[in-house]
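J.: I am sharing coords-v1.pdb, which consists of PDB, C-alpha atoms:
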```pdb
ATOM      1  CA  MET A   1       0.795  -4.179  14.014  1.00  0.00           C
ATOM      2  CA  ASN A   2       4.069  -5.223  12.423  1.00  0.00           C
ATOM      3  CA  LEU A   3       3.417  -4.732   8.715  1.00  0.00           C
ATOM      4  CA  LEU A   4       6.620  -6.495   7.716  1.00  0.00           C
ATOM      5  CA  ASN A   5       5.139  -9.702   9.141  1.00  0.00           C
ATOM      6  CA  GLU A   6       1.747  -9.110   7.497  1.00  0.00           C
ATOM      7  CA  LEU A   7       2.877  -8.263   3.969  1.00  0.00           C
ATOM      8  CA  SER A   8       4.604 -10.570   1.511  1.00  0.00           C
ATOM      9  CA  GLU A   9       8.000  -9.725   0.045  1.00  0.00           C
ATOM     10  CA  ASN A  10       6.316  -8.890  -3.267  1.00  0.00           C
ATOM     11  CA  GLU A  11       3.931  -6.514  -1.512  1.00  0.00           C
ATOM     12  CA  THR A  12       6.742  -4.725   0.329  1.00  0.00           C
ATOM     13  CA  ASP A  13       8.591  -4.405  -2.994  1.00  0.00           C
ATOM     14  CA  LEU A  14       5.496  -2.812  -4.565  1.00  0.00           C
ATOM     15  CA  LEU A  15       5.417  -0.299  -1.722  1.00  0.00           C
ATOM     16  CA  LYS A  16       9.133   0.454  -2.139  1.00  0.00           C
ATOM     17  CA  ASN A  17       8.458   1.288  -5.782  1.00  0.00           C
ATOM     18  CA  ILE A  18       6.218   4.160  -4.673  1.00  0.00           C
ATOM     19  CA  GLY A  19       8.554   5.318  -1.899  1.00  0.00           C
ATOM     20  CA  ILE A  20       7.061   3.526   1.104  1.00  0.00           C
ATOM     21  CA  ASN A  21       9.626   1.529   3.072  1.00  0.00           C
ATOM     22  CA  ILE A  22       8.153  -0.894   5.586  1.00  0.00           C
ATOM     23  CA  GLN A  23      10.295  -1.447   8.648  1.00  0.00           C
ATOM     24  CA  ASP A  24      10.356  -4.302  11.139  1.00  0.00           C
ATOM     25  CA  ARG A  25       8.377  -2.529  13.864  1.00  0.00           C
ATOM     26  CA  ASN A  26       4.853  -2.042  15.095  1.00  0.00           C
ATOM     27  CA  TYR A  27       2.809   0.607  13.277  1.00  0.00           C
ATOM     28  CA  ASN A  28      -0.008   2.435  15.001  1.00  0.00           C
ATOM     29  CA  GLN A  29      -3.384   3.113  13.364  1.00  0.00           C
ATOM     30  CA  ASP A  30      -2.447   6.618  12.252  1.00  0.00           C
ATOM     31  CA  GLU A  31       0.682   5.339  10.515  1.00  0.00           C
ATOM     32  CA  VAL A  32      -1.290   2.599   8.782  1.00  0.00           C
ATOM     33  CA  LYS A  33      -3.860   5.157   7.606  1.00  0.00           C
ATOM     34  CA  LEU A  34      -1.062   7.366   6.267  1.00  0.00           C
ATOM     35  CA  ILE A  35       0.408   4.453   4.301  1.00  0.00           C
ATOM     36  CA  GLU A  36      -3.041   3.638   2.951  1.00  0.00           C
ATOM     37  CA  ASN A  37      -3.548   7.281   1.897  1.00  0.00           C
ATOM     38  CA  ASN A  38      -0.156   7.364   0.180  1.00  0.00           C
ATOM     39  CA  ILE A  39      -1.061   4.261  -1.823  1.00  0.00           C
ATOM     40  CA  MET A  40      -4.398   5.747  -2.856  1.00  0.00           C
ATOM     41  CA  GLU A  41      -2.722   9.004  -3.891  1.00  0.00           C
ATOM     42  CA  ASP A  42      -0.258   7.084  -6.054  1.00  0.00           C
ATOM     43  CA  ILE A  43      -3.068   5.139  -7.703  1.00  0.00           C
ATOM     44  CA  LEU A  44      -5.065   8.294  -8.445  1.00  0.00           C
ATOM     45  CA  ARG A  45      -2.021  10.049  -9.949  1.00  0.00           C
ATOM     46  CA  ARG A  46      -1.943   7.522 -12.745  1.00  0.00           C
ATOM     47  CA  SER A  47      -3.611   7.915 -16.114  1.00  0.00           C
ATOM     48  CA  SER A  48      -7.181   6.738 -16.518  1.00  0.00           C
ATOM     49  CA  LYS A  49      -6.980   6.890 -20.313  1.00  0.00           C
ATOM     50  CA  ASN A  50      -4.739   3.863 -20.726  1.00  0.00           C
ATOM     51  CA  GLY A  51      -6.024   1.829 -17.772  1.00  0.00           C
ATOM     52  CA  ASP A  52      -3.151   2.579 -15.372  1.00  0.00           C
ATOM     53  CA  ILE A  53      -5.519   3.416 -12.515  1.00  0.00           C
ATOM     54  CA  GLN A  54      -7.369   0.102 -12.834  1.00  0.00           C
ATOM     55  CA  ARG A  55      -4.114  -1.853 -13.105  1.00  0.00           C
ATOM     56  CA  ALA A  56      -2.636  -0.114 -10.053  1.00  0.00           C
ATOM     57  CA  ASN A  57      -5.851  -0.649  -8.096  1.00  0.00           C
ATOM     58  CA  GLU A  58      -5.688  -4.374  -8.811  1.00  0.00           C
ATOM     59  CA  GLU A  59      -1.978  -4.465  -8.016  1.00  0.00           C
ATOM     60  CA  TYR A  60      -2.400  -2.819  -4.597  1.00  0.00           C
ATOM     61  CA  ARG A  61      -5.808  -4.300  -3.653  1.00  0.00           C
ATOM     62  CA  ASN A  62      -4.399  -7.045  -1.394  1.00  0.00           C
ATOM     63  CA  ILE A  63      -2.185  -4.563   0.424  1.00  0.00           C
ATOM     64  CA  LEU A  64      -5.052  -2.142   0.946  1.00  0.00           C
ATOM     65  CA  ASP A  65      -7.263  -4.961   2.235  1.00  0.00           C
ATOM     66  CA  LYS A  66      -4.609  -5.937   4.778  1.00  0.00           C
ATOM     67  CA  LEU A  67      -4.152  -2.338   5.874  1.00  0.00           C
ATOM     68  CA  GLU A  68      -7.899  -1.848   6.284  1.00  0.00           C
ATOM     69  CA  LYS A  69      -8.048  -4.908   8.530  1.00  0.00           C
ATOM     70  CA  ALA A  70      -5.235  -3.468  10.633  1.00  0.00           C
ATOM     71  CA  ILE A  71      -7.189  -0.285  11.309  1.00  0.00           C
TER      72      ILE A  71
END
```
Rewrite the structure of this file - the entire thing - as structure tokens.

T.:
Amino acid sequence: MNLLNELSENETDLLKNIGINIQDRNYNQDEVKLIENNIMEDILRRSSKNGDIQRANEEYRNILDKLEKAI
């Protein structure tokens, strides 16, 4: 699956902010799972006290849904 075609520009920018650069190529299932895990790790690193985890979860929800469909 070519994630660059599946994700919007805003979504790829969100991923760049956490160090994930999406290239114009086909990703296999293992690579998609790794990206998904990296997103989840970033979300869980945030503070739960001030609502950062919830905000990040909402911010990345569409991306995670698209990645789950790709698997």

J.: Skip segment 69-71 of chain A itself and residues of its chain fewer than 2 positions away, then list as a list in words all residues within 12 Å of it, counting all atoms listed in the file.

T.: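 Selected residues are Met1, Asn2, Leu3, Glu6, Leu7, Asn26, Tyr27, Asn28, Gln29, Asp30, Glu31, Val32, Lys33, Leu34, Ile35, Glu36, Asn62, Ile63, Leu64, Asp65, Lys66 and Leu67 of chain A.
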
J.: Quick check, in Å to one decimal: how far apart do atom CA of Ala56 of chain A and atom CA of Leu14 of chain A lie?

T.: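 One can read the atom CA of Ala56 of chain A to atom CA of Leu14 of chain A distance as 10.2 Å.
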
J.: Between A:Ile39, A:Ser47, A:Leu4, A:Arg25, which is the closest to Glu59 of chain A once you count all atoms listed in the file?

T.: A:Ile39

J.: In Å, with one decimal, what is the gap from atom CA of Ile18 of chain A to atom CA of Asp42 of chain A?

T.: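 Here the two named atoms are 7.2 Å from each other.
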
J.: Around all the atoms of segment 1-12 of chain A listed in the file, with 4 Å of room on each side, what axis-aligned box do you get, giving centre and edge lengths in Å to one decimal, as lines of an AutoDock Vina configuration file?

T.:
```
center_x = 4.4
center_y = -7.4
center_z = 5.4
size_x = 15.2
size_y = 14.4
size_z = 25.3
```

J.: Please compute the atom CA of Asn17 of chain A-atom CA of Gln54 of chain A distance, one decimal, in Å.

T.: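 Interatomic distance here is 17.4 Å.
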
J.: N, CA and C atoms are needed for segment 59-70 of chain A; please write them out as a CSV table (one decimal), in the coordinates of the input.

T.:
```
chain,number,residue,atom,x,y,z
A,59,GLU,N,-3.3,-4.1,-8.5
A,59,GLU,CA,-2.0,-4.5,-8.0
A,59,GLU,C,-1.9,-4.3,-6.5
A,60,TYR,N,-2.5,-3.2,-6.0
A,60,TYR,CA,-2.4,-2.8,-4.6
A,60,TYR,C,-3.6,-3.3,-3.8
A,61,ARG,N,-4.6,-3.9,-4.4
A,61,ARG,CA,-5.8,-4.3,-3.7
A,61,ARG,C,-5.5,-5.2,-2.4
A,62,ASN,N,-4.7,-6.2,-2.5
A,62,ASN,CA,-4.4,-7.0,-1.4
A,62,ASN,C,-3.7,-6.3,-0.3
A,63,ILE,N,-2.9,-5.4,-0.6
A,63,ILE,CA,-2.2,-4.6,0.4
A,63,ILE,C,-3.2,-3.7,1.1
A,64,LEU,N,-4.0,-3.0,0.3
A,64,LEU,CA,-5.1,-2.1,0.9
A,64,LEU,C,-6.0,-2.9,1.8
A,65,ASP,N,-6.4,-4.1,1.4
A,65,ASP,CA,-7.3,-5.0,2.2
A,65,ASP,C,-6.6,-5.3,3.6
A,66,LYS,N,-5.3,-5.6,3.5
A,66,LYS,CA,-4.6,-5.9,4.8
A,66,LYS,C,-4.5,-4.7,5.7
A,67,LEU,N,-4.3,-3.6,5.1
A,67,LEU,CA,-4.2,-2.3,5.9
A,67,LEU,C,-5.5,-2.0,6.5
A,68,GLU,N,-6.6,-2.1,5.8
A,68,GLU,CA,-7.9,-1.8,6.3
A,68,GLU,C,-8.2,-2.7,7.5
A,69,LYS,N,-7.8,-4.0,7.4
A,69,LYS,CA,-8.0,-4.9,8.5
A,69,LYS,C,-7.2,-4.5,9.8
A,70,ALA,N,-6.1,-3.9,9.5
A,70,ALA,CA,-5.2,-3.5,10.6
A,70,ALA,C,-5.8,-2.3,11.4
```
